[in-house]
file target_36.csv (CSV, C-alpha atoms)
chain,number,residue,atom,x,y,z
P,1,MET,CA,15.2,-2.5,-8.0
P,2,LYS,CA,14.9,-4.0,-11.4
P,3,ARG,CA,12.5,-6.9,-11.7
P,4,LEU,CA,13.6,-10.4,-12.6
P,5,ILE,CA,12.0,-12.2,-15.6
P,6,LYS,CA,8.6,-13.7,-14.7
P,7,ILE,CA,8.5,-17.5,-14.0
P,8,PHE,CA,6.4,-19.3,-16.6
P,9,LEU,CA,3.2,-20.8,-15.2
P,10,MET,CA,4.2,-24.2,-16.3
P,11,LEU,CA,7.3,-24.0,-14.3
P,12,ILE,CA,5.3,-22.9,-11.3
P,13,PHE,CA,3.1,-25.9,-11.7
P,14,ILE,CA,6.1,-28.2,-11.9
P,15,LEU,CA,7.5,-26.7,-8.6
P,16,GLY,CA,4.2,-27.6,-6.9
P,17,CYS,CA,3.2,-24.1,-6.0
P,18,SER,CA,-0.2,-22.4,-5.9
P,19,GLU,CA,-1.8,-21.8,-9.3
P,20,ARG,CA,-3.0,-18.3,-8.3
P,21,GLU,CA,-2.2,-15.4,-10.5
P,22,SER,CA,-1.0,-12.1,-9.3
P,23,ASN,CA,-3.6,-9.6,-8.2
P,24,PHE,CA,-4.6,-6.3,-9.8
P,25,VAL,CA,-2.5,-6.9,-13.0
P,26,GLU,CA,-1.3,-3.6,-14.4
P,27,ASN,CA,-3.2,-2.8,-17.6
P,28,ASP,CA,-2.4,-0.7,-20.6
P,29,LEU,CA,-3.8,2.8,-20.8
P,30,VAL,CA,-7.4,2.8,-21.9
P,31,ASP,CA,-9.3,5.1,-24.2
P,32,PHE,CA,-12.0,7.2,-22.6
P,33,ASN,CA,-15.0,9.4,-23.4
P,34,PRO,CA,-13.7,13.0,-23.1
P,35,GLU,CA,-17.1,14.4,-22.5
P,36,ASN,CA,-17.7,12.4,-19.3
P,37,SER,CA,-14.3,11.5,-18.0
P,38,GLN,CA,-12.0,14.5,-17.8
P,39,LEU,CA,-11.5,15.6,-14.1
P,40,SER,CA,-10.2,18.8,-12.6
P,41,GLY,CA,-11.2,20.8,-9.6
P,42,LYS,CA,-13.8,20.0,-7.0
P,43,LEU,CA,-15.4,16.6,-6.8
P,44,GLU,CA,-18.5,15.3,-5.0
P,45,GLY,CA,-21.1,12.7,-5.5
P,46,VAL,CA,-20.2,9.5,-7.3
P,47,LEU,CA,-17.4,8.5,-9.7
P,48,SER,CA,-19.1,5.7,-11.6
P,49,GLU,CA,-17.4,2.7,-13.2
P,50,ILE,CA,-19.5,3.2,-16.4
P,51,ASN,CA,-17.5,6.4,-17.2
P,52,SER,CA,-14.1,5.0,-16.3
P,53,PRO,CA,-11.3,5.4,-17.0
P,54,TYR,CA,-11.1,9.0,-15.8
P,55,HIS,CA,-8.3,11.3,-17.0
P,56,VAL,CA,-7.2,13.7,-14.2
P,57,ILE,CA,-6.0,16.8,-16.2
P,58,GLY,CA,-5.7,19.1,-13.2
P,59,ASP,CA,-5.6,18.9,-9.4
P,60,ILE,CA,-8.8,17.4,-7.9
P,61,PHE,CA,-10.1,17.7,-4.4
P,62,VAL,CA,-13.0,17.0,-2.1
P,63,ASP,CA,-13.8,19.9,0.2
P,64,SER,CA,-14.6,19.7,3.9
P,65,LEU,CA,-18.4,19.8,3.3
P,66,SER,CA,-18.5,17.3,0.5
P,67,THR,CA,-18.6,13.5,0.1
P,68,LEU,CA,-17.2,11.5,-2.8
P,69,GLU,CA,-17.9,7.8,-3.5
P,70,ILE,CA,-15.6,6.0,-6.0
P,71,GLU,CA,-17.2,2.9,-7.3
P,72,PRO,CA,-15.4,-0.5,-7.7
P,73,GLY,CA,-13.6,-0.8,-11.0
P,74,VAL,CA,-12.9,2.9,-11.4
P,75,ARG,CA,-9.5,3.8,-12.9
P,76,LEU,CA,-8.1,7.3,-12.5
P,77,GLN,CA,-5.2,8.1,-14.8
P,78,PHE,CA,-3.4,11.3,-13.6
P,79,TYR,CA,-1.5,13.6,-15.8
P,80,ASP,CA,1.9,14.9,-14.9
P,81,SER,CA,2.1,17.1,-11.8
P,82,THR,CA,-1.5,16.5,-10.8
P,83,SER,CA,-2.7,15.4,-7.3
P,84,PHE,CA,-5.8,14.4,-5.3
P,85,GLU,CA,-6.6,16.0,-1.9
P,86,VAL,CA,-9.4,15.0,0.4
P,87,TYR,CA,-10.7,17.3,3.2
P,88,GLY,CA,-14.2,15.9,3.5
P,89,SER,CA,-15.5,12.3,3.3
P,90,ILE,CA,-14.5,9.7,0.7
P,91,LYS,CA,-15.5,6.1,0.1
P,92,CYS,CA,-12.9,4.2,-1.8
P,93,GLU,CA,-13.8,0.6,-1.6
P,94,GLY,CA,-13.1,-1.7,-4.6
P,95,THR,CA,-13.6,-5.4,-4.6
P,96,LYS,CA,-11.3,-8.5,-5.1
P,97,ASN,CA,-12.3,-8.8,-8.8
P,98,ASN,CA,-12.9,-5.1,-9.4
P,99,PRO,CA,-10.3,-2.9,-7.7
P,100,ILE,CA,-10.0,0.9,-7.8
P,101,ILE,CA,-6.8,2.0,-9.5
P,102,PHE,CA,-5.0,5.3,-9.1
P,103,THR,CA,-2.2,5.5,-11.7
P,104,SER,CA,-0.3,7.8,-14.0
P,105,PHE,CA,-1.4,8.6,-17.5
P,106,GLN,CA,2.1,8.5,-19.1
P,107,ASN,CA,4.8,9.5,-16.6
P,108,ASN,CA,4.1,10.2,-12.9
P,109,TRP,CA,1.7,12.1,-10.7
P,110,GLU,CA,2.1,13.8,-7.3
P,111,GLY,CA,0.0,11.7,-5.0
P,112,PHE,CA,-3.1,11.2,-2.9
P,113,GLN,CA,-3.7,13.1,0.4
P,114,ILE,CA,-6.3,13.0,3.1
P,115,PHE,CA,-6.3,15.9,5.6
P,116,ASN,CA,-8.5,15.9,8.7
P,117,SER,CA,-11.3,13.9,7.3
P,118,ASN,CA,-14.5,14.2,9.4
P,119,GLN,CA,-15.3,10.5,9.0
P,120,LYS,CA,-13.4,7.2,9.3
P,121,VAL,CA,-11.9,6.5,5.8
P,122,ASN,CA,-12.0,2.9,4.4
P,123,ILE,CA,-9.5,2.3,1.5
P,124,VAL,CA,-10.1,-1.3,0.3
P,125,PHE,CA,-9.0,-3.2,-2.7
P,126,THR,CA,-7.2,-0.2,-4.2
P,127,VAL,CA,-3.9,0.3,-6.1
P,128,PHE,CA,-1.7,3.4,-5.8
P,129,GLU,CA,1.1,3.4,-8.2
P,130,ASN,CA,3.6,5.6,-10.1
P,131,ILE,CA,3.6,8.6,-7.7
P,132,ILE,CA,6.6,10.9,-7.5
P,133,ASN,CA,6.2,13.5,-4.8
P,134,GLU,CA,9.3,15.7,-4.6
P,135,ASN,CA,7.7,18.4,-2.4
P,136,ARG,CA,10.3,19.4,0.2
P,137,ASP,CA,8.2,22.2,1.7
P,138,THR,CA,6.4,19.6,3.9
P,139,CYS,CA,9.0,16.9,4.5
P,140,GLU,CA,6.4,14.6,6.1
P,141,LEU,CA,4.3,14.5,2.9
P,142,GLY,CA,4.2,10.9,1.6
P,143,ALA,CA,3.2,9.5,-1.8
P,144,VAL,CA,-0.1,8.6,-0.1
P,145,ASN,CA,-0.5,10.9,2.9
P,146,ILE,CA,-2.9,10.6,5.8
P,147,VAL,CA,-3.0,13.5,8.3
P,148,GLY,CA,-5.3,14.0,11.3
P,149,SER,CA,-7.6,11.1,10.2
P,150,ASP,CA,-8.9,7.7,11.2
P,151,VAL,CA,-8.2,5.2,8.3
P,152,ILE,CA,-8.5,1.5,7.5
P,153,ILE,CA,-6.3,0.3,4.7
P,154,GLN,CA,-7.1,-3.2,3.6
P,155,ASN,CA,-6.1,-5.3,0.6
P,156,VAL,CA,-4.3,-2.2,-0.9
P,157,ILE,CA,-1.2,-2.2,-3.2
P,158,PHE,CA,1.3,0.6,-3.0
P,159,ARG,CA,3.9,0.1,-5.8
P,160,ASN,CA,6.5,2.1,-7.6
P,161,ASN,CA,6.1,5.3,-5.6
P,162,PHE,CA,8.6,7.9,-4.3
P,163,SER,CA,8.5,10.6,-1.7
P,164,GLN,CA,10.8,12.3,0.9
P,165,ASN,CA,9.4,10.4,3.9
P,166,GLY,CA,7.0,7.6,3.3
P,167,GLY,CA,7.8,6.3,-0.1
P,168,GLY,CA,4.4,4.5,-0.3
P,169,LEU,CA,2.5,5.9,2.7
P,170,SER,CA,2.8,8.6,5.3
P,171,ILE,CA,0.7,8.6,8.5
P,172,VAL,CA,0.8,11.7,10.7
P,173,ASN,CA,-1.3,12.6,13.7
P,174,SER,CA,-3.7,9.8,12.8
P,175,VAL,CA,-5.0,6.3,13.7
P,176,ALA,CA,-4.5,3.6,11.1
P,177,GLU,CA,-5.2,-0.1,10.6
P,178,ILE,CA,-3.2,-1.6,7.7
P,179,LYS,CA,-4.1,-5.2,6.9
P,180,ASN,CA,-3.3,-7.6,4.0
P,181,SER,CA,-1.7,-4.9,1.9
P,182,ILE,CA,1.4,-4.9,-0.3
P,183,PHE,CA,4.2,-2.3,-0.3
P,184,ASP,CA,6.3,-3.1,-3.4
P,185,ASP,CA,9.2,-1.2,-4.9
P,186,ASN,CA,8.6,2.1,-3.2
P,187,ALA,CA,11.4,4.5,-2.2
P,188,ALA,CA,12.0,7.4,0.1
P,189,GLU,CA,14.8,10.0,0.1
P,190,VAL,CA,15.0,10.1,3.9
P,191,PHE,CA,12.8,8.0,6.1
P,192,GLY,CA,10.5,5.0,5.4
P,193,GLY,CA,10.8,3.4,2.0
P,194,ALA,CA,7.4,1.8,2.4
P,195,PHE,CA,5.8,4.0,5.1
P,196,TYR,CA,6.5,6.6,7.7
P,197,LEU,CA,4.5,7.1,10.9
P,198,LYS,CA,4.7,10.1,13.2
P,199,ASN,CA,2.7,10.9,16.3
P,200,SER,CA,0.1,8.2,15.4
P,201,LYS,CA,-1.3,4.8,16.3
P,202,VAL,CA,-0.9,1.9,13.9
P,203,ILE,CA,-1.9,-1.7,13.7
P,204,ALA,CA,-0.2,-3.5,10.9
P,205,ILE,CA,-1.3,-7.1,10.4
P,206,ASN,CA,-0.4,-9.5,7.5
P,207,ASN,CA,1.2,-7.1,5.1
P,208,THR,CA,4.0,-7.8,2.6
P,209,PHE,CA,7.0,-5.3,2.4
P,210,PHE,CA,9.1,-6.2,-0.7
P,211,SER,CA,11.9,-4.4,-2.4
P,212,ASN,CA,11.4,-1.0,-0.8
P,213,ASN,CA,14.4,1.3,-0.1
P,214,THR,CA,15.5,4.6,1.4
P,215,GLY,CA,18.5,6.8,1.1
P,216,ASN,CA,18.7,7.0,4.9
P,217,LEU,CA,16.9,5.0,7.6
P,218,GLY,CA,14.1,2.4,7.5
P,219,GLY,CA,14.0,0.7,4.2
P,220,SER,CA,10.4,-0.4,5.0
P,221,VAL,CA,9.0,1.4,8.0
P,222,VAL,CA,10.0,4.3,10.2
P,223,LEU,CA,8.2,5.1,13.5
P,224,MET,CA,8.7,8.6,14.8
P,225,ASP,CA,7.2,9.7,18.1
P,226,PHE,CA,4.7,6.9,17.7
P,227,ILE,CA,1.9,6.6,20.3
P,228,GLU,CA,1.2,2.8,19.8
P,229,ALA,CA,2.4,0.4,17.2
P,230,GLU,CA,1.6,-3.3,16.6
P,231,PHE,CA,3.2,-5.4,13.9
P,232,GLN,CA,2.2,-9.0,13.5
P,233,ASN,CA,2.3,-11.6,10.8
P,234,ASN,CA,4.0,-9.3,8.3
P,235,LEU,CA,6.6,-10.3,5.7
P,236,PHE,CA,9.7,-8.3,5.0
P,237,TYR,CA,12.1,-9.2,2.1
P,238,GLU,CA,14.8,-7.5,0.0
P,239,ASN,CA,14.2,-4.0,1.6
P,240,SER,CA,17.3,-1.8,1.9
P,241,ALA,CA,18.5,1.3,3.7
P,242,ARG,CA,21.7,3.3,3.1
P,243,THR,CA,22.5,3.5,6.8
P,244,SER,CA,20.7,0.8,8.8
P,245,ASN,CA,17.4,-0.8,9.7
P,246,ALA,CA,16.2,-2.2,6.4
P,247,ASP,CA,12.9,-3.2,7.8
P,248,ILE,CA,11.5,-1.5,10.9
P,249,ALA,CA,13.3,1.5,12.4
P,250,ILE,CA,12.1,3.1,15.6
P,251,VAL,CA,13.5,6.7,15.8
P,252,SER,CA,11.5,7.8,18.9
P,253,GLY,CA,8.5,6.8,21.0
P,254,ASP,CA,7.7,4.6,24.0
P,255,SER,CA,9.1,1.2,23.4
P,256,THR,CA,6.6,-0.3,25.8
P,257,LYS,CA,3.9,0.6,23.4
P,258,PHE,CA,5.5,-1.4,20.5
P,259,ILE,CA,4.3,-4.9,19.8
P,260,GLU,CA,6.3,-7.0,17.3
P,261,ALA,CA,5.5,-10.7,16.9
P,262,TYR,CA,5.4,-13.5,14.3
P,263,ASN,CA,6.9,-11.4,11.5
P,264,PHE,CA,9.2,-12.8,8.8
P,265,PHE,CA,12.4,-10.9,8.2
P,266,GLY,CA,14.1,-12.4,5.1
P,267,ASN,CA,17.8,-12.1,4.2
P,268,GLU,CA,20.2,-13.5,1.7
P,269,THR,CA,19.8,-17.0,3.1
P,270,LEU,CA,16.2,-16.8,4.2
P,271,ASP,CA,13.9,-16.6,1.2
P,272,PRO,CA,10.0,-16.4,1.6
P,273,LYS,CA,9.7,-18.1,-1.7
P,274,PHE,CA,7.3,-16.0,-3.7
P,275,ILE,CA,5.8,-17.3,-6.9
P,276,SER,CA,7.7,-14.6,-8.6
P,277,ASP,CA,8.7,-10.9,-8.1
P,278,GLU,CA,5.5,-9.9,-9.7
P,279,ASN,CA,3.2,-12.4,-7.9
P,280,LEU,CA,3.8,-12.3,-4.2
P,281,HIS,CA,1.7,-15.3,-3.3
P,282,LEU,CA,3.7,-18.0,-1.5
P,283,LEU,CA,5.0,-21.2,-3.0
P,284,GLY,CA,4.0,-24.4,-1.3
P,285,ASN,CA,7.4,-24.8,0.4
P,286,SER,CA,7.6,-21.3,1.8
P,287,PRO,CA,8.8,-20.9,5.4
P,288,CYS,CA,6.0,-18.3,5.9
P,289,ILE,CA,3.2,-20.8,5.5
P,290,ASN,CA,1.6,-21.6,8.9
P,291,ALA,CA,4.2,-19.4,10.6
P,292,GLY,CA,2.1,-16.5,11.8
P,293,ASN,CA,0.3,-16.0,15.2
P,294,PRO,CA,-1.5,-19.3,16.0
P,295,ASP,CA,-4.3,-17.5,17.8
P,296,GLN,CA,-7.7,-18.2,16.2
P,297,ALA,CA,-8.2,-14.5,15.6
P,298,PHE,CA,-5.5,-14.6,12.9
P,299,THR,CA,-6.5,-18.0,11.3
P,300,ASP,CA,-6.3,-18.1,7.6
P,301,PHE,CA,-9.5,-18.0,5.5
P,302,ASP,CA,-9.2,-21.8,5.0
P,303,ASN,CA,-9.1,-22.4,8.8
P,304,THR,CA,-5.4,-23.2,8.9
P,305,ARG,CA,-2.8,-21.4,11.0
P,306,ASN,CA,-1.9,-17.9,9.8
P,307,ASP,CA,0.4,-17.6,6.8
P,308,GLN,CA,2.7,-14.5,7.1
P,309,GLY,CA,2.3,-11.8,4.5
P,310,ALA,CA,-0.5,-10.2,2.6
P,311,TYR,CA,-2.2,-13.5,1.6
P,312,GLY,CA,-2.5,-14.9,5.2
P,313,GLY,CA,-5.2,-14.4,7.8
P,314,PRO,CA,-9.0,-14.1,7.4
P,315,LEU,CA,-8.6,-11.4,4.8
P,316,GLY,CA,-5.9,-13.2,2.7
P,317,ASP,CA,-8.1,-14.8,0.0
P,318,TRP,CA,-7.4,-12.3,-2.8
call {"tool": "encode", "arguments": {"input": "target_36.csv", "output": "structure tokens"}}
result
Amino acid sequence: MKRLIKIFLMLIFILGCSERESNFVENDLVDFNPENSQLSGKLEGVLSEINSPYHVIGDIFVDSLSTLEIEPGVRLQFYDSTSFEVYGSIKCEGTKNNPIIFTSFQNNWEGFQIFNSNQKVNIVFTVFENIINENRDTCELGAVNIVGSDVIIQNVIFRNNFSQNGGGLSIVNSVAEIKNSIFDDNAAEVFGGAFYLKNSKVIAINNTFFSNNTGNLGGSVVLMDFIEAEFQNNLFYENSARTSNADIAIVSGDSTKFIEAYNFFGNETLDPKFISDENLHLLGNSPCINAGNPDQAFTDFDNTRNDQGAYGGPLGDW
């Protein structure tokens, strides 16, 4: 979906909304030191911010016996047809003011995959963008793909990605917590414009799903043979599917293991009132403010009732 023109900050102020700016603003391509910052093949140790940005000129991977730490502020710019596969351990934890960014160098790249990691993976304050994964050999392969692993995804942005199933994220045979993350303008050819879950457990709390789409079913989320699934305090708006279920589509699984509560499902007449299409913080008159689960476990960082979407709850100050 094409973006609308940004609202001027002065107009935002007049409307009485928050003065926050959008997070993780997309930057222009940055020059780099070719002696230190070209990546290809096996990685281990530390990718330091001081040598960032890194240009990924060939496929990179972490093998099952290795560990890689990516420091906050690191930017990886992937050349066409390159990808990143993790079989060992990875630490990918940015910060609010210094996120980790996975992006393309000029066109698109083929995605980030974690296979059977031997430790819990934390992906925090990170951006995944401009992935096009057209691999049809493994139809469950998402733009960002988690297989056989235990993962926490927190304050992460998935935007402008495409895959067969799981336009932004695919979770297969795994356990996942997804909190305070944004799925923005992702697309899938078949299932799950934002993310696809199969034979897995997921807890999804305070996420924003905006402008995702699929050519078949589940413009935002598809649950296939799920084991357990909990969705609370999420915000869904302007997602679309060619057939049905623009937001959450359950294909198969035990319905008694599905919890859905206090989510916002927008439509043509029910607008969450974002600051703009590029800044998904809420305006002061948004119907999503103080509309999430009132239990104290979900209380906003300012001790008010939970706001629905990625900027609500105890992790929403970003």
call {"tool": "closest_residue", "arguments": {"input": "target_36.csv", "among": "P:Lys42, P:Lys198, P:Lys273, P:Lys120", "to": "Lys91 of chain P", "atoms": "all atoms listed in the file"}}
result
P:Lys120
call {"tool": "residues_around", "arguments": {"input": "target_36.csv", "residues": "Leu47 of chain P", "least_positions_apart": "4", "cutoff": "9 Å", "atoms": "only C-alpha atoms", "output": "ChimeraX atom specification"}}
result
/P:43,51-52,54,68-71,74
call {"tool": "residues_around", "arguments": {"input": "target_36.csv", "residues": "Asn180 of chain P", "least_positions_apart": "6", "cutoff": "9 Å", "atoms": "only C-alpha atoms", "output": "PyMOL selection string"}}
result
chain P and resi 153-156+204-208+234+309-313+315-316
call {"tool": "atom_distance", "arguments": {"input": "target_36.csv", "atom1": "atom CA of Asn212 of chain P", "atom2": "atom CA of Phe264 of chain P"}}
result
15.4 Å
call {"tool": "atom_distance", "arguments": {"input": "target_36.csv", "atom1": "atom CA of Ala176 of chain P", "atom2": "atom CA of Val202 of chain P"}}
result
4.9 Å
call {"tool": "atom_distance", "arguments": {"input": "target_36.csv", "atom1": "atom CA of Asp317 of chain P", "atom2": "atom CA of Arg305 of chain P"}}
result
13.9 Å
call {"tool": "residues_around", "arguments": {"input": "target_36.csv", "residues": "Ala261 of chain P", "least_positions_apart": "6", "cutoff": "12 Å", "atoms": "all atoms listed in the file", "output": "ChimeraX atom specification"}}
result
/P:204-206,229-235,291-295,308
call {"tool": "closest_residue", "arguments": {"input": "target_36.csv", "among": "P:Thr304, P:Asn213, P:Gly253, P:Glu177", "to": "Asn199 of chain P", "atoms": "all atoms listed in the file"}}
result
P:Gly253
call {"tool": "closest_residue", "arguments": {"input": "target_36.csv", "among": "P:Ile250, P:Ile131, P:Ile275, P:Ile178", "to": "Ser163 of chain P", "atoms": "only C-alpha atoms"}}
result
P:Ile131
call {"tool": "closest_residue", "arguments": {"input": "target_36.csv", "among": "P:Tyr79, P:Phe115, P:Phe236, P:Phe183", "to": "Phe61 of chain P", "atoms": "all atoms listed in the file"}}
result
P:Phe115
call {"tool": "closest_residue", "arguments": {"input": "target_36.csv", "among": "P:Trp318, P:Phe112, P:Phe265, P:Met224", "to": "Pro99 of chain P", "atoms": "only C-alpha atoms"}}
result
P:Trp318
call {"tool": "build_atoms", "arguments": {"input": "target_36.csv", "residues": "segment 152-180 of chain P", "atoms": "N, CA and C atoms", "output": "tab-separated table (two decimals), in the coordinates of the input"}}
result
chain	number	residue	atom	x	y	z
P	152	ILE	N	-8.76	2.96	7.68
P	152	ILE	CA	-8.50	1.50	7.50
P	152	ILE	C	-8.04	1.28	6.10
P	153	ILE	N	-6.89	0.64	6.00
P	153	ILE	CA	-6.30	0.30	4.70
P	153	ILE	C	-6.24	-1.20	4.62
P	154	GLN	N	-6.97	-1.76	3.66
P	154	GLN	CA	-7.10	-3.20	3.60
P	154	GLN	C	-7.09	-3.71	2.17
P	155	ASN	N	-6.24	-4.71	1.92
P	155	ASN	CA	-6.10	-5.30	0.60
P	155	ASN	C	-5.74	-4.15	-0.43
P	156	VAL	N	-4.75	-3.36	-0.09
P	156	VAL	CA	-4.30	-2.20	-0.90
P	156	VAL	C	-2.88	-2.50	-1.39
P	157	ILE	N	-2.59	-2.10	-2.62
P	157	ILE	CA	-1.20	-2.20	-3.20
P	157	ILE	C	-0.64	-0.85	-3.38
P	158	PHE	N	0.54	-0.63	-2.80
P	158	PHE	CA	1.30	0.60	-3.00
P	158	PHE	C	2.59	0.12	-3.77
P	159	ARG	N	2.75	0.58	-5.02
P	159	ARG	CA	3.90	0.10	-5.80
P	159	ARG	C	4.49	1.21	-6.67
P	160	ASN	N	5.81	1.19	-6.74
P	160	ASN	CA	6.50	2.10	-7.60
P	160	ASN	C	6.24	3.55	-7.35
P	161	ASN	N	6.33	3.92	-6.05
P	161	ASN	CA	6.10	5.30	-5.60
P	161	ASN	C	7.35	5.87	-4.96
P	162	PHE	N	7.43	7.21	-4.91
P	162	PHE	CA	8.60	7.90	-4.30
P	162	PHE	C	8.12	9.14	-3.57
P	163	SER	N	8.71	9.37	-2.38
P	163	SER	CA	8.50	10.60	-1.70
P	163	SER	C	9.69	10.88	-0.74
P	164	GLN	N	9.68	12.03	-0.06
P	164	GLN	CA	10.80	12.30	0.90
P	164	GLN	C	10.74	11.41	2.07
P	165	ASN	N	9.59	11.32	2.71
P	165	ASN	CA	9.40	10.40	3.90
P	165	ASN	C	8.08	9.67	3.62
P	166	GLY	N	8.17	8.35	3.65
P	166	GLY	CA	7.00	7.60	3.30
P	166	GLY	C	6.87	7.34	1.85
P	167	GLY	N	7.76	6.51	1.31
P	167	GLY	CA	7.80	6.30	-0.10
P	167	GLY	C	6.44	5.83	-0.68
P	168	GLY	N	5.75	4.97	0.08
P	168	GLY	CA	4.40	4.50	-0.30
P	168	GLY	C	3.33	5.24	0.43
P	169	LEU	N	3.55	5.45	1.77
P	169	LEU	CA	2.50	5.90	2.70
P	169	LEU	C	3.10	6.70	3.81
P	170	SER	N	2.47	7.82	4.17
P	170	SER	CA	2.80	8.60	5.30
P	170	SER	C	1.61	8.77	6.22
P	171	ILE	N	1.76	8.54	7.53
P	171	ILE	CA	0.70	8.60	8.50
P	171	ILE	C	1.10	9.58	9.59
P	172	VAL	N	0.42	10.72	9.73
P	172	VAL	CA	0.80	11.70	10.70
P	172	VAL	C	-0.40	12.16	11.52
P	173	ASN	N	-0.25	12.16	12.84
P	173	ASN	CA	-1.30	12.60	13.70
P	173	ASN	C	-2.62	11.83	13.45
P	174	SER	N	-2.53	10.54	13.23
P	174	SER	CA	-3.70	9.80	12.80
P	174	SER	C	-3.74	8.42	13.50
P	175	VAL	N	-4.82	7.71	13.22
P	175	VAL	CA	-5.00	6.30	13.70
P	175	VAL	C	-5.21	5.47	12.45
P	176	ALA	N	-4.43	4.39	12.32
P	176	ALA	CA	-4.50	3.60	11.10
P	176	ALA	C	-4.45	2.10	11.39
P	177	GLU	N	-5.27	1.36	10.66
P	177	GLU	CA	-5.20	-0.10	10.60
P	177	GLU	C	-4.76	-0.45	9.17
P	178	ILE	N	-3.69	-1.20	9.05
P	178	ILE	CA	-3.20	-1.60	7.70
P	178	ILE	C	-3.13	-3.12	7.71
P	179	LYS	N	-3.98	-3.72	6.88
P	179	LYS	CA	-4.10	-5.20	6.90
P	179	LYS	C	-4.06	-5.70	5.45
P	180	ASN	N	-3.34	-6.83	5.30
P	180	ASN	CA	-3.30	-7.60	4.00
P	180	ASN	C	-3.04	-6.66	2.84
